[in-house]
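Trainee: File name work36.cif; file contents mmCIF, N, CA and C atoms; full text below.
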```
data_input
loop_
_atom_site.group_PDB
_atom_site.id
_atom_site.type_symbol
_atom_site.label_atom_id
_atom_site.label_comp_id
_atom_site.auth_asym_id
_atom_site.auth_seq_id
_atom_site.Cartn_x
_atom_site.Cartn_y
_atom_site.Cartn_z
ATOM 1 N N MET A 1 111.784 106.330 97.293
ATOM 2 C CA MET A 1 111.847 105.962 95.898
ATOM 3 C C MET A 1 112.599 104.635 95.720
ATOM 4 N N LEU A 2 113.714 104.465 96.429
ATOM 5 C CA LEU A 2 114.446 103.207 96.339
ATOM 6 C C LEU A 2 113.589 102.042 96.804
ATOM 7 N N ASP A 3 112.779 102.268 97.822
ATOM 8 C CA ASP A 3 111.874 101.232 98.318
ATOM 9 C C ASP A 3 110.802 100.930 97.274
ATOM 10 N N ASP A 4 110.250 101.967 96.644
ATOM 11 C CA ASP A 4 109.236 101.765 95.600
ATOM 12 C C ASP A 4 109.778 100.956 94.426
ATOM 13 N N LEU A 5 111.050 101.135 94.124
ATOM 14 C CA LEU A 5 111.669 100.396 93.024
ATOM 15 C C LEU A 5 112.080 98.981 93.431
ATOM 16 N N GLY A 6 111.988 98.691 94.734
ATOM 17 C CA GLY A 6 112.338 97.366 95.222
ATOM 18 C C GLY A 6 113.829 97.121 95.336
ATOM 19 N N ILE A 7 114.610 98.201 95.485
ATOM 20 C CA ILE A 7 116.060 98.047 95.548
ATOM 21 C C ILE A 7 116.676 98.612 96.820
ATOM 22 N N LEU A 8 115.848 99.010 97.772
ATOM 23 C CA LEU A 8 116.362 99.592 99.015
ATOM 24 C C LEU A 8 117.313 98.635 99.721
ATOM 25 N N HIS A 9 117.034 97.333 99.636
ATOM 26 C CA HIS A 9 117.874 96.342 100.301
ATOM 27 C C HIS A 9 119.306 96.304 99.749
ATOM 28 N N LEU A 10 119.544 96.934 98.617
ATOM 29 C CA LEU A 10 120.879 96.949 98.024
ATOM 30 C C LEU A 10 121.764 98.065 98.579
ATOM 31 N N PHE A 11 121.194 98.927 99.418
ATOM 32 C CA PHE A 11 121.905 100.092 99.937
ATOM 33 C C PHE A 11 121.970 100.063 101.456
ATOM 34 N N ARG A 12 122.978 100.717 101.988
ATOM 35 C CA ARG A 12 123.065 100.944 103.421
ATOM 36 C C ARG A 12 122.732 102.418 103.622
ATOM 37 N N VAL A 13 121.670 102.674 104.317
ATOM 38 C CA VAL A 13 121.203 104.040 104.529
ATOM 39 C C VAL A 13 121.617 104.488 105.915
ATOM 40 N N THR A 14 122.241 105.649 105.980
ATOM 41 C CA THR A 14 122.665 106.211 107.259
ATOM 42 C C THR A 14 122.223 107.657 107.339
ATOM 43 N N GLN A 15 122.318 108.212 108.528
ATOM 44 C CA GLN A 15 121.996 109.615 108.727
ATOM 45 C C GLN A 15 123.222 110.322 109.263
ATOM 46 N N GLY A 16 123.293 111.607 109.022
ATOM 47 C CA GLY A 16 124.407 112.391 109.526
ATOM 48 C C GLY A 16 125.237 112.942 108.392
ATOM 49 N N PRO A 17 126.288 113.633 108.745
ATOM 50 C CA PRO A 17 127.132 114.231 107.712
ATOM 51 C C PRO A 17 127.884 113.166 106.911
ATOM 52 N N LEU A 18 128.145 113.481 105.678
ATOM 53 C CA LEU A 18 128.904 112.588 104.813
ATOM 54 C C LEU A 18 130.351 112.576 105.262
ATOM 55 N N SER A 19 130.894 111.393 105.418
ATOM 56 C CA SER A 19 132.308 111.307 105.772
ATOM 57 C C SER A 19 132.991 110.405 104.752
ATOM 58 N N LEU A 20 134.011 110.932 104.129
ATOM 59 C CA LEU A 20 134.782 110.177 103.154
ATOM 60 C C LEU A 20 135.914 109.447 103.842
ATOM 61 N N PRO A 21 136.372 108.358 103.253
ATOM 62 C CA PRO A 21 137.536 107.665 103.826
ATOM 63 C C PRO A 21 138.737 108.610 103.874
ATOM 64 N N PRO A 22 139.653 108.381 104.802
ATOM 65 C CA PRO A 22 140.849 109.236 104.885
ATOM 66 C C PRO A 22 141.600 109.246 103.551
ATOM 67 N N ASP A 23 142.244 110.354 103.261
ATOM 68 C CA ASP A 23 143.041 110.525 102.044
ATOM 69 C C ASP A 23 142.211 110.416 100.766
ATOM 70 N N THR A 24 140.929 110.729 100.869
ATOM 71 C CA THR A 24 140.068 110.730 99.690
ATOM 72 C C THR A 24 139.726 112.169 99.345
ATOM 73 N N GLU A 25 139.949 112.525 98.108
ATOM 74 C CA GLU A 25 139.674 113.876 97.645
ATOM 75 C C GLU A 25 138.512 113.821 96.652
ATOM 76 N N PRO A 26 137.410 114.513 96.928
ATOM 77 C CA PRO A 26 136.299 114.518 95.976
ATOM 78 C C PRO A 26 136.749 115.118 94.646
ATOM 79 N N GLN A 27 136.247 114.568 93.566
ATOM 80 C CA GLN A 27 136.607 115.059 92.240
ATOM 81 C C GLN A 27 135.342 115.430 91.474
ATOM 82 N N ALA A 28 135.392 116.563 90.822
ATOM 83 C CA ALA A 28 134.269 116.986 89.979
ATOM 84 C C ALA A 28 134.315 116.190 88.676
ATOM 85 N N LEU A 29 133.142 115.839 88.187
ATOM 86 C CA LEU A 29 133.047 115.127 86.917
ATOM 87 C C LEU A 29 132.672 116.111 85.821
ATOM 88 N N ASP A 30 133.207 115.908 84.653
ATOM 89 C CA ASP A 30 132.908 116.749 83.505
ATOM 90 C C ASP A 30 131.838 116.055 82.665
ATOM 91 N N PRO A 31 130.591 116.532 82.717
ATOM 92 C CA PRO A 31 129.523 115.865 81.969
ATOM 93 C C PRO A 31 129.764 115.856 80.468
ATOM 94 N N SER A 32 130.532 116.804 79.944
ATOM 95 C CA SER A 32 130.779 116.830 78.502
ATOM 96 C C SER A 32 131.749 115.729 78.084
ATOM 97 N N ALA A 33 132.383 115.064 79.055
ATOM 98 C CA ALA A 33 133.321 113.992 78.735
ATOM 99 C C ALA A 33 132.602 112.684 78.411
ATOM 100 N N VAL A 34 131.303 112.637 78.596
ATOM 101 C CA VAL A 34 130.515 111.436 78.332
ATOM 102 C C VAL A 34 129.704 111.655 77.063
ATOM 103 N N SER A 35 129.791 110.714 76.142
ATOM 104 C CA SER A 35 129.054 110.848 74.888
ATOM 105 C C SER A 35 127.568 110.544 75.105
ATOM 106 N N LYS A 36 126.745 111.042 74.214
ATOM 107 C CA LYS A 36 125.298 110.770 74.283
ATOM 108 C C LYS A 36 125.058 109.270 74.170
ATOM 109 N N GLU A 37 125.847 108.597 73.340
ATOM 110 C CA GLU A 37 125.698 107.143 73.192
ATOM 111 C C GLU A 37 126.004 106.421 74.501
ATOM 112 N N ASP A 38 127.089 106.808 75.170
ATOM 113 C CA ASP A 38 127.438 106.176 76.443
ATOM 114 C C ASP A 38 126.378 106.439 77.508
ATOM 115 N N LEU A 39 125.870 107.661 77.553
ATOM 116 C CA LEU A 39 124.841 108.013 78.524
ATOM 117 C C LEU A 39 123.556 107.233 78.259
ATOM 118 N N THR A 40 123.167 107.134 76.998
ATOM 119 C CA THR A 40 121.958 106.383 76.637
ATOM 120 C C THR A 40 122.122 104.915 76.972
ATOM 121 N N ARG A 41 123.297 104.352 76.684
ATOM 122 C CA ARG A 41 123.563 102.946 77.001
ATOM 123 C C ARG A 41 123.475 102.703 78.507
ATOM 124 N N ALA A 42 124.038 103.598 79.306
ATOM 125 C CA ALA A 42 123.998 103.456 80.765
ATOM 126 C C ALA A 42 122.565 103.550 81.289
ATOM 127 N N CYS A 43 121.781 104.483 80.742
ATOM 128 C CA CYS A 43 120.379 104.622 81.165
ATOM 129 C C CYS A 43 119.573 103.379 80.809
ATOM 130 N N LEU A 44 119.796 102.851 79.616
ATOM 131 C CA LEU A 44 119.097 101.637 79.196
ATOM 132 C C LEU A 44 119.465 100.468 80.114
ATOM 133 N N GLU A 45 120.734 100.312 80.395
ATOM 134 C CA GLU A 45 121.173 99.239 81.287
ATOM 135 C C GLU A 45 120.557 99.389 82.675
ATOM 136 N N ALA A 46 120.510 100.611 83.186
ATOM 137 C CA ALA A 46 119.921 100.846 84.509
ATOM 138 C C ALA A 46 118.446 100.472 84.531
ATOM 139 N N HIS A 47 117.703 100.878 83.507
ATOM 140 C CA HIS A 47 116.272 100.553 83.468
ATOM 141 C C HIS A 47 116.041 99.050 83.311
ATOM 142 N N ARG A 48 116.837 98.400 82.488
ATOM 143 C CA ARG A 48 116.716 96.941 82.338
ATOM 144 C C ARG A 48 117.038 96.238 83.657
ATOM 145 N N THR A 49 118.040 96.717 84.364
ATOM 146 C CA THR A 49 118.406 96.123 85.650
ATOM 147 C C THR A 49 117.274 96.287 86.662
ATOM 148 N N LEU A 50 116.673 97.474 86.701
ATOM 149 C CA LEU A 50 115.540 97.690 87.615
ATOM 150 C C LEU A 50 114.381 96.749 87.294
ATOM 151 N N MET A 51 114.167 96.463 86.021
ATOM 152 C CA MET A 51 113.090 95.537 85.642
ATOM 153 C C MET A 51 113.441 94.098 86.011
ATOM 154 N N GLU A 52 114.715 93.734 85.920
ATOM 155 C CA GLU A 52 115.136 92.382 86.298
ATOM 156 C C GLU A 52 115.055 92.168 87.799
ATOM 157 N N ILE A 53 115.464 93.185 88.561
ATOM 158 C CA ILE A 53 115.467 93.072 90.020
ATOM 159 C C ILE A 53 114.056 92.916 90.567
ATOM 160 N N ARG A 54 113.138 93.668 89.990
ATOM 161 C CA ARG A 54 111.751 93.635 90.478
ATOM 162 C C ARG A 54 110.813 93.646 89.274
ATOM 163 N N PRO A 55 110.207 92.509 88.964
ATOM 164 C CA PRO A 55 109.341 92.414 87.786
ATOM 165 C C PRO A 55 108.229 93.469 87.734
ATOM 166 N N GLU A 56 107.769 93.950 88.892
ATOM 167 C CA GLU A 56 106.733 94.978 88.905
ATOM 168 C C GLU A 56 107.210 96.272 88.230
ATOM 169 N N ASN A 57 108.525 96.460 88.155
ATOM 170 C CA ASN A 57 109.070 97.655 87.503
ATOM 171 C C ASN A 57 108.917 97.609 85.985
ATOM 172 N N ALA A 58 108.669 96.437 85.442
ATOM 173 C CA ALA A 58 108.537 96.319 83.986
ATOM 174 C C ALA A 58 107.406 97.195 83.466
ATOM 175 N N ALA A 59 106.294 97.238 84.172
ATOM 176 C CA ALA A 59 105.175 98.072 83.731
ATOM 177 C C ALA A 59 105.571 99.553 83.713
ATOM 178 N N ARG A 60 106.404 99.954 84.644
ATOM 179 C CA ARG A 60 106.843 101.348 84.722
ATOM 180 C C ARG A 60 107.836 101.714 83.626
ATOM 181 N N PHE A 61 108.748 100.797 83.334
ATOM 182 C CA PHE A 61 109.903 101.142 82.513
ATOM 183 C C PHE A 61 109.951 100.501 81.137
ATOM 184 N N LYS A 62 108.969 99.685 80.804
ATOM 185 C CA LYS A 62 108.992 98.989 79.516
ATOM 186 C C LYS A 62 109.105 99.963 78.342
ATOM 187 N N GLU A 63 108.281 100.986 78.330
ATOM 188 C CA GLU A 63 108.290 101.952 77.237
ATOM 189 C C GLU A 63 109.556 102.804 77.255
ATOM 190 N N VAL A 64 110.025 103.153 78.438
ATOM 191 C CA VAL A 64 111.263 103.931 78.550
ATOM 192 C C VAL A 64 112.426 103.120 77.985
ATOM 193 N N ALA A 65 112.497 101.842 78.353
ATOM 194 C CA ALA A 65 113.569 100.976 77.860
ATOM 195 C C ALA A 65 113.482 100.818 76.344
ATOM 196 N N ARG A 66 112.284 100.698 75.820
ATOM 197 C CA ARG A 66 112.113 100.592 74.360
ATOM 198 C C ARG A 66 112.609 101.858 73.678
ATOM 199 N N PHE A 67 112.206 103.012 74.210
ATOM 200 C CA PHE A 67 112.637 104.289 73.641
ATOM 201 C C PHE A 67 114.157 104.419 73.694
ATOM 202 N N LEU A 68 114.764 104.087 74.837
ATOM 203 C CA LEU A 68 116.217 104.178 74.972
ATOM 204 C C LEU A 68 116.929 103.234 74.003
ATOM 205 N N ALA A 69 116.411 102.017 73.832
ATOM 206 C CA ALA A 69 117.019 101.066 72.899
ATOM 207 C C ALA A 69 116.948 101.593 71.465
ATOM 208 N N GLU A 70 115.817 102.181 71.097
ATOM 209 C CA GLU A 70 115.678 102.756 69.758
ATOM 210 C C GLU A 70 116.615 103.948 69.582
ATOM 211 N N ASP A 71 116.705 104.788 70.605
ATOM 212 C CA ASP A 71 117.589 105.951 70.548
ATOM 213 C C ASP A 71 119.043 105.506 70.433
ATOM 214 N N LEU A 72 119.421 104.490 71.185
ATOM 215 C CA LEU A 72 120.783 103.971 71.124
ATOM 216 C C LEU A 72 121.090 103.448 69.727
ATOM 217 N N GLU A 73 120.148 102.760 69.129
ATOM 218 C CA GLU A 73 120.351 102.242 67.771
ATOM 219 C C GLU A 73 120.539 103.386 66.772
ATOM 220 N N ARG A 74 119.737 104.441 66.910
ATOM 221 C CA ARG A 74 119.891 105.612 66.029
ATOM 222 C C ARG A 74 121.268 106.254 66.216
ATOM 223 N N LEU A 75 121.708 106.376 67.463
ATOM 224 C CA LEU A 75 123.018 106.958 67.736
ATOM 225 C C LEU A 75 124.134 106.109 67.136
ATOM 226 N N ARG A 76 124.010 104.818 67.239
ATOM 227 C CA ARG A 76 125.018 103.921 66.666
ATOM 228 C C ARG A 76 125.038 104.023 65.147
ATOM 229 N N THR A 77 123.868 104.120 64.542
ATOM 230 C CA THR A 77 123.769 104.224 63.091
ATOM 231 C C THR A 77 124.415 105.519 62.598
ATOM 232 N N ARG A 78 124.171 106.616 63.314
ATOM 233 C CA ARG A 78 124.778 107.893 62.948
ATOM 234 C C ARG A 78 126.292 107.867 63.097
ATOM 235 N N ALA A 79 126.770 107.145 64.114
ATOM 236 C CA ALA A 79 128.207 107.089 64.367
ATOM 237 C C ALA A 79 128.922 106.245 63.309
ATOM 238 N N SER A 80 128.211 105.289 62.714
ATOM 239 C CA SER A 80 128.787 104.416 61.687
ATOM 240 C C SER A 80 127.915 104.441 60.439
ATOM 241 N N PRO A 81 127.972 105.506 59.647
ATOM 242 C CA PRO A 81 127.088 105.622 58.492
ATOM 243 C C PRO A 81 127.346 104.571 57.423
ATOM 244 N N ASP A 82 128.515 103.949 57.430
ATOM 245 C CA ASP A 82 128.802 102.929 56.423
ATOM 246 C C ASP A 82 128.176 101.578 56.749
ATOM 247 N N GLN A 83 127.666 101.424 57.985
ATOM 248 C CA GLN A 83 127.003 100.181 58.366
ATOM 249 C C GLN A 83 125.574 100.201 57.884
ATOM 250 N N LYS A 84 125.103 99.031 57.438
ATOM 251 C CA LYS A 84 123.716 98.898 57.025
ATOM 252 C C LYS A 84 122.886 98.463 58.214
ATOM 253 N N PRO A 85 121.679 99.027 58.368
ATOM 254 C CA PRO A 85 120.826 98.606 59.492
ATOM 255 C C PRO A 85 120.556 97.118 59.411
ATOM 256 N N GLY A 86 120.531 96.475 60.560
ATOM 257 C CA GLY A 86 120.362 95.028 60.545
ATOM 258 C C GLY A 86 119.264 94.648 61.328
#
```
Mind turning the file's structure into structure tokens?
Mentor:
Amino acid sequence: MLDDLGILHLFRVTQGPLSLPPDTEPQALDPSAVSKEDLTRACLEAHRTLMEIRPENAARFKEVARFLAEDLERLRTRASPDQKPG
């Protein structure tokens, strides 16, 4: 999948068991600690980045990015009801 997206060269792929650096303790993340707005913004940024890295991805993600941008705008509007749409 990373190769299909044209981003495999950005990663170092290895095989074998996962080994963490010494004195590193894995930490669980709390998904409820992230707002829907923050998650939508991160997804939009990721899709835009994939389209910038490899123009062929634009055909795949153009509509997804549009939907995410519209959703983000709706979330922002709900969070600030006193703001007028611009």
Trainee: Given the choices A:Lys36, A:Ile7, A:Val64, A:Pro26, which gets closest to A:Arg48 if the distance is worked out from only N, CA and C atoms?
Mentor: A:Val64
Trainee: Could you write out, as a PyMOL selection string, all the residues of chain A that DSSP marks as alpha helix (DSSP H)?
Mentor: chain A and resi 36-53+57-79
Trainee: Using the chain letters and numbers from this file, what does the PyMOL selection byres (((chain A and resi 50 and name CA) around 12) and name CA) select? Give the answer as a PyMOL selection string.
Mentor: chain A and resi 2-8+10+43-49+51-62+64-65
Trainee: For atom CA of A:Leu18 and atom C of A:Val34, quote the distance in Å rounded to one decimal.
Mentor: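 Result for atom CA of A:Leu18 versus atom C of A:Val34: 27.8 Å, one decimal.
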Trainee: Could stretch 38-53 of chain A be written out with all heavy atoms, as a PDB file, in the first residue's frame, please?
Mentor:
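The resulting result.pdb:
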```
ATOM      1  N   ASP A  38      -9.968  17.996  15.475  1.00  0.00           N
ATOM      2  CA  ASP A  38      -8.540  17.701  15.341  1.00  0.00           C
ATOM      3  C   ASP A  38      -8.302  16.479  14.461  1.00  0.00           C
ATOM      4  O   ASP A  38      -7.399  16.462  13.627  1.00  0.00           O
ATOM      5  CB  ASP A  38      -7.901  17.468  16.712  1.00  0.00           C
ATOM      6  CG  ASP A  38      -7.748  18.755  17.508  1.00  0.00           C
ATOM      7  OD1 ASP A  38      -7.767  19.846  16.912  1.00  0.00           O
ATOM      8  OD2 ASP A  38      -7.606  18.658  18.746  1.00  0.00           O
ATOM      9  N   LEU A  39      -9.122  15.453  14.630  1.00  0.00           N
ATOM     10  CA  LEU A  39      -8.989  14.241  13.830  1.00  0.00           C
ATOM     11  C   LEU A  39      -9.273  14.530  12.359  1.00  0.00           C
ATOM     12  O   LEU A  39      -8.532  14.096  11.470  1.00  0.00           O
ATOM     13  CB  LEU A  39      -9.938  13.158  14.348  1.00  0.00           C
ATOM     14  CG  LEU A  39      -9.906  11.828  13.620  1.00  0.00           C
ATOM     15  CD1 LEU A  39      -8.518  11.206  13.677  1.00  0.00           C
ATOM     16  CD2 LEU A  39     -10.935  10.886  14.220  1.00  0.00           C
ATOM     17  N   THR A  40     -10.315  15.301  12.092  1.00  0.00           N
ATOM     18  CA  THR A  40     -10.657  15.658  10.709  1.00  0.00           C
ATOM     19  C   THR A  40      -9.555  16.489  10.085  1.00  0.00           C
ATOM     20  O   THR A  40      -9.176  16.265   8.932  1.00  0.00           O
ATOM     21  CB  THR A  40     -12.002  16.413  10.679  1.00  0.00           C
ATOM     22  OG1 THR A  40     -13.009  15.591  11.277  1.00  0.00           O
ATOM     23  CG2 THR A  40     -12.412  16.765   9.257  1.00  0.00           C
ATOM     24  N   ARG A  41      -9.007  17.442  10.841  1.00  0.00           N
ATOM     25  CA  ARG A  41      -7.913  18.276  10.337  1.00  0.00           C
ATOM     26  C   ARG A  41      -6.691  17.421  10.000  1.00  0.00           C
ATOM     27  O   ARG A  41      -6.060  17.599   8.947  1.00  0.00           O
ATOM     28  CB  ARG A  41      -7.535  19.343  11.370  1.00  0.00           C
ATOM     29  CG  ARG A  41      -6.481  20.319  10.864  1.00  0.00           C
ATOM     30  CD  ARG A  41      -6.073  21.374  11.904  1.00  0.00           C
ATOM     31  NE  ARG A  41      -7.197  22.104  12.430  1.00  0.00           N
ATOM     32  CZ  ARG A  41      -7.698  21.940  13.664  1.00  0.00           C
ATOM     33  NH1 ARG A  41      -7.155  21.075  14.507  1.00  0.00           N
ATOM     34  NH2 ARG A  41      -8.719  22.654  14.084  1.00  0.00           N
ATOM     35  N   ALA A  42      -6.353  16.470  10.858  1.00  0.00           N
ATOM     36  CA  ALA A  42      -5.202  15.594  10.616  1.00  0.00           C
ATOM     37  C   ALA A  42      -5.423  14.721   9.381  1.00  0.00           C
ATOM     38  O   ALA A  42      -4.504  14.534   8.571  1.00  0.00           O
ATOM     39  CB  ALA A  42      -4.932  14.732  11.840  1.00  0.00           C
ATOM     40  N   CYS A  43      -6.639  14.192   9.224  1.00  0.00           N
ATOM     41  CA  CYS A  43      -6.947  13.365   8.047  1.00  0.00           C
ATOM     42  C   CYS A  43      -6.864  14.184   6.765  1.00  0.00           C
ATOM     43  O   CYS A  43      -6.329  13.717   5.756  1.00  0.00           O
ATOM     44  CB  CYS A  43      -8.340  12.747   8.185  1.00  0.00           C
ATOM     45  SG  CYS A  43      -8.420  11.435   9.409  1.00  0.00           S
ATOM     46  N   LEU A  44      -7.385  15.400   6.804  1.00  0.00           N
ATOM     47  CA  LEU A  44      -7.322  16.276   5.633  1.00  0.00           C
ATOM     48  C   LEU A  44      -5.865  16.586   5.280  1.00  0.00           C
ATOM     49  O   LEU A  44      -5.474  16.489   4.114  1.00  0.00           O
ATOM     50  CB  LEU A  44      -8.098  17.566   5.892  1.00  0.00           C
ATOM     51  CG  LEU A  44      -8.045  18.623   4.795  1.00  0.00           C
ATOM     52  CD1 LEU A  44      -8.557  18.062   3.471  1.00  0.00           C
ATOM     53  CD2 LEU A  44      -8.843  19.854   5.216  1.00  0.00           C
ATOM     54  N   GLU A  45      -5.073  16.917   6.269  1.00  0.00           N
ATOM     55  CA  GLU A  45      -3.659  17.203   6.026  1.00  0.00           C
ATOM     56  C   GLU A  45      -2.943  15.988   5.442  1.00  0.00           C
ATOM     57  O   GLU A  45      -2.143  16.116   4.512  1.00  0.00           O
ATOM     58  CB  GLU A  45      -2.986  17.634   7.320  1.00  0.00           C
ATOM     59  CG  GLU A  45      -1.530  18.002   7.144  1.00  0.00           C
ATOM     60  CD  GLU A  45      -0.876  18.429   8.448  1.00  0.00           C
ATOM     61  OE1 GLU A  45      -1.579  18.891   9.356  1.00  0.00           O
ATOM     62  OE2 GLU A  45       0.364  18.285   8.545  1.00  0.00           O
ATOM     63  N   ALA A  46      -3.236  14.806   5.965  1.00  0.00           N
ATOM     64  CA  ALA A  46      -2.603  13.586   5.453  1.00  0.00           C
ATOM     65  C   ALA A  46      -2.965  13.348   3.993  1.00  0.00           C
ATOM     66  O   ALA A  46      -2.101  13.032   3.167  1.00  0.00           O
ATOM     67  CB  ALA A  46      -3.023  12.390   6.307  1.00  0.00           C
ATOM     68  N   HIS A  47      -4.239  13.505   3.652  1.00  0.00           N
ATOM     69  CA  HIS A  47      -4.656  13.287   2.262  1.00  0.00           C
ATOM     70  C   HIS A  47      -4.058  14.339   1.326  1.00  0.00           C
ATOM     71  O   HIS A  47      -3.633  14.020   0.211  1.00  0.00           O
ATOM     72  CB  HIS A  47      -6.182  13.261   2.156  1.00  0.00           C
ATOM     73  CG  HIS A  47      -6.765  11.972   2.612  1.00  0.00           C
ATOM     74  ND1 HIS A  47      -7.014  11.697   3.940  1.00  0.00           N
ATOM     75  CD2 HIS A  47      -7.116  10.859   1.918  1.00  0.00           C
ATOM     76  CE1 HIS A  47      -7.506  10.480   4.049  1.00  0.00           C
ATOM     77  NE2 HIS A  47      -7.582   9.942   2.831  1.00  0.00           N
ATOM     78  N   ARG A  48      -4.012  15.579   1.762  1.00  0.00           N
ATOM     79  CA  ARG A  48      -3.390  16.631   0.942  1.00  0.00           C
ATOM     80  C   ARG A  48      -1.901  16.346   0.745  1.00  0.00           C
ATOM     81  O   ARG A  48      -1.368  16.549  -0.350  1.00  0.00           O
ATOM     82  CB  ARG A  48      -3.597  17.993   1.581  1.00  0.00           C
ATOM     83  CG  ARG A  48      -5.015  18.500   1.421  1.00  0.00           C
ATOM     84  CD  ARG A  48      -5.200  19.844   2.085  1.00  0.00           C
ATOM     85  NE  ARG A  48      -6.511  20.402   1.788  1.00  0.00           N
ATOM     86  CZ  ARG A  48      -7.036  21.443   2.422  1.00  0.00           C
ATOM     87  NH1 ARG A  48      -6.355  22.039   3.393  1.00  0.00           N
ATOM     88  NH2 ARG A  48      -8.236  21.887   2.094  1.00  0.00           N
ATOM     89  N   THR A  49      -1.237  15.880   1.781  1.00  0.00           N
ATOM     90  CA  THR A  49       0.187  15.557   1.680  1.00  0.00           C
ATOM     91  C   THR A  49       0.411  14.412   0.693  1.00  0.00           C
ATOM     92  O   THR A  49       1.323  14.472  -0.136  1.00  0.00           O
ATOM     93  CB  THR A  49       0.761  15.196   3.066  1.00  0.00           C
ATOM     94  OG1 THR A  49       0.602  16.326   3.934  1.00  0.00           O
ATOM     95  CG2 THR A  49       2.224  14.809   2.971  1.00  0.00           C
ATOM     96  N   LEU A  50      -0.432  13.385   0.766  1.00  0.00           N
ATOM     97  CA  LEU A  50      -0.309  12.270  -0.187  1.00  0.00           C
ATOM     98  C   LEU A  50      -0.498  12.746  -1.625  1.00  0.00           C
ATOM     99  O   LEU A  50       0.159  12.253  -2.541  1.00  0.00           O
ATOM    100  CB  LEU A  50      -1.328  11.176   0.145  1.00  0.00           C
ATOM    101  CG  LEU A  50      -1.023  10.354   1.395  1.00  0.00           C
ATOM    102  CD1 LEU A  50      -2.218   9.478   1.752  1.00  0.00           C
ATOM    103  CD2 LEU A  50       0.225   9.509   1.203  1.00  0.00           C
ATOM    104  N   MET A  51      -1.381  13.708  -1.834  1.00  0.00           N
ATOM    105  CA  MET A  51      -1.591  14.238  -3.189  1.00  0.00           C
ATOM    106  C   MET A  51      -0.405  15.087  -3.641  1.00  0.00           C
ATOM    107  O   MET A  51      -0.059  15.088  -4.824  1.00  0.00           O
ATOM    108  CB  MET A  51      -2.893  15.046  -3.250  1.00  0.00           C
ATOM    109  CG  MET A  51      -4.125  14.179  -3.116  1.00  0.00           C
ATOM    110  SD  MET A  51      -5.689  15.036  -3.417  1.00  0.00           S
ATOM    111  CE  MET A  51      -5.784  16.145  -2.024  1.00  0.00           C
ATOM    112  N   GLU A  52       0.222  15.808  -2.718  1.00  0.00           N
ATOM    113  CA  GLU A  52       1.394  16.615  -3.067  1.00  0.00           C
ATOM    114  C   GLU A  52       2.598  15.747  -3.384  1.00  0.00           C
ATOM    115  O   GLU A  52       3.362  16.032  -4.297  1.00  0.00           O
ATOM    116  CB  GLU A  52       1.742  17.570  -1.923  1.00  0.00           C
ATOM    117  CG  GLU A  52       0.765  18.707  -1.757  1.00  0.00           C
ATOM    118  CD  GLU A  52       1.058  19.548  -0.524  1.00  0.00           C
ATOM    119  OE1 GLU A  52       2.171  19.443   0.040  1.00  0.00           O
ATOM    120  OE2 GLU A  52       0.156  20.289  -0.112  1.00  0.00           O
ATOM    121  N   ILE A  53       2.784  14.686  -2.594  1.00  0.00           N
ATOM    122  CA  ILE A  53       3.937  13.805  -2.783  1.00  0.00           C
ATOM    123  C   ILE A  53       3.875  13.094  -4.127  1.00  0.00           C
ATOM    124  O   ILE A  53       4.885  12.957  -4.811  1.00  0.00           O
ATOM    125  CB  ILE A  53       4.015  12.765  -1.639  1.00  0.00           C
ATOM    126  CG1 ILE A  53       4.437  13.458  -0.345  1.00  0.00           C
ATOM    127  CG2 ILE A  53       4.984  11.644  -1.978  1.00  0.00           C
ATOM    128  CD1 ILE A  53       4.390  12.559   0.872  1.00  0.00           C
TER     129      ILE A  53
END
```
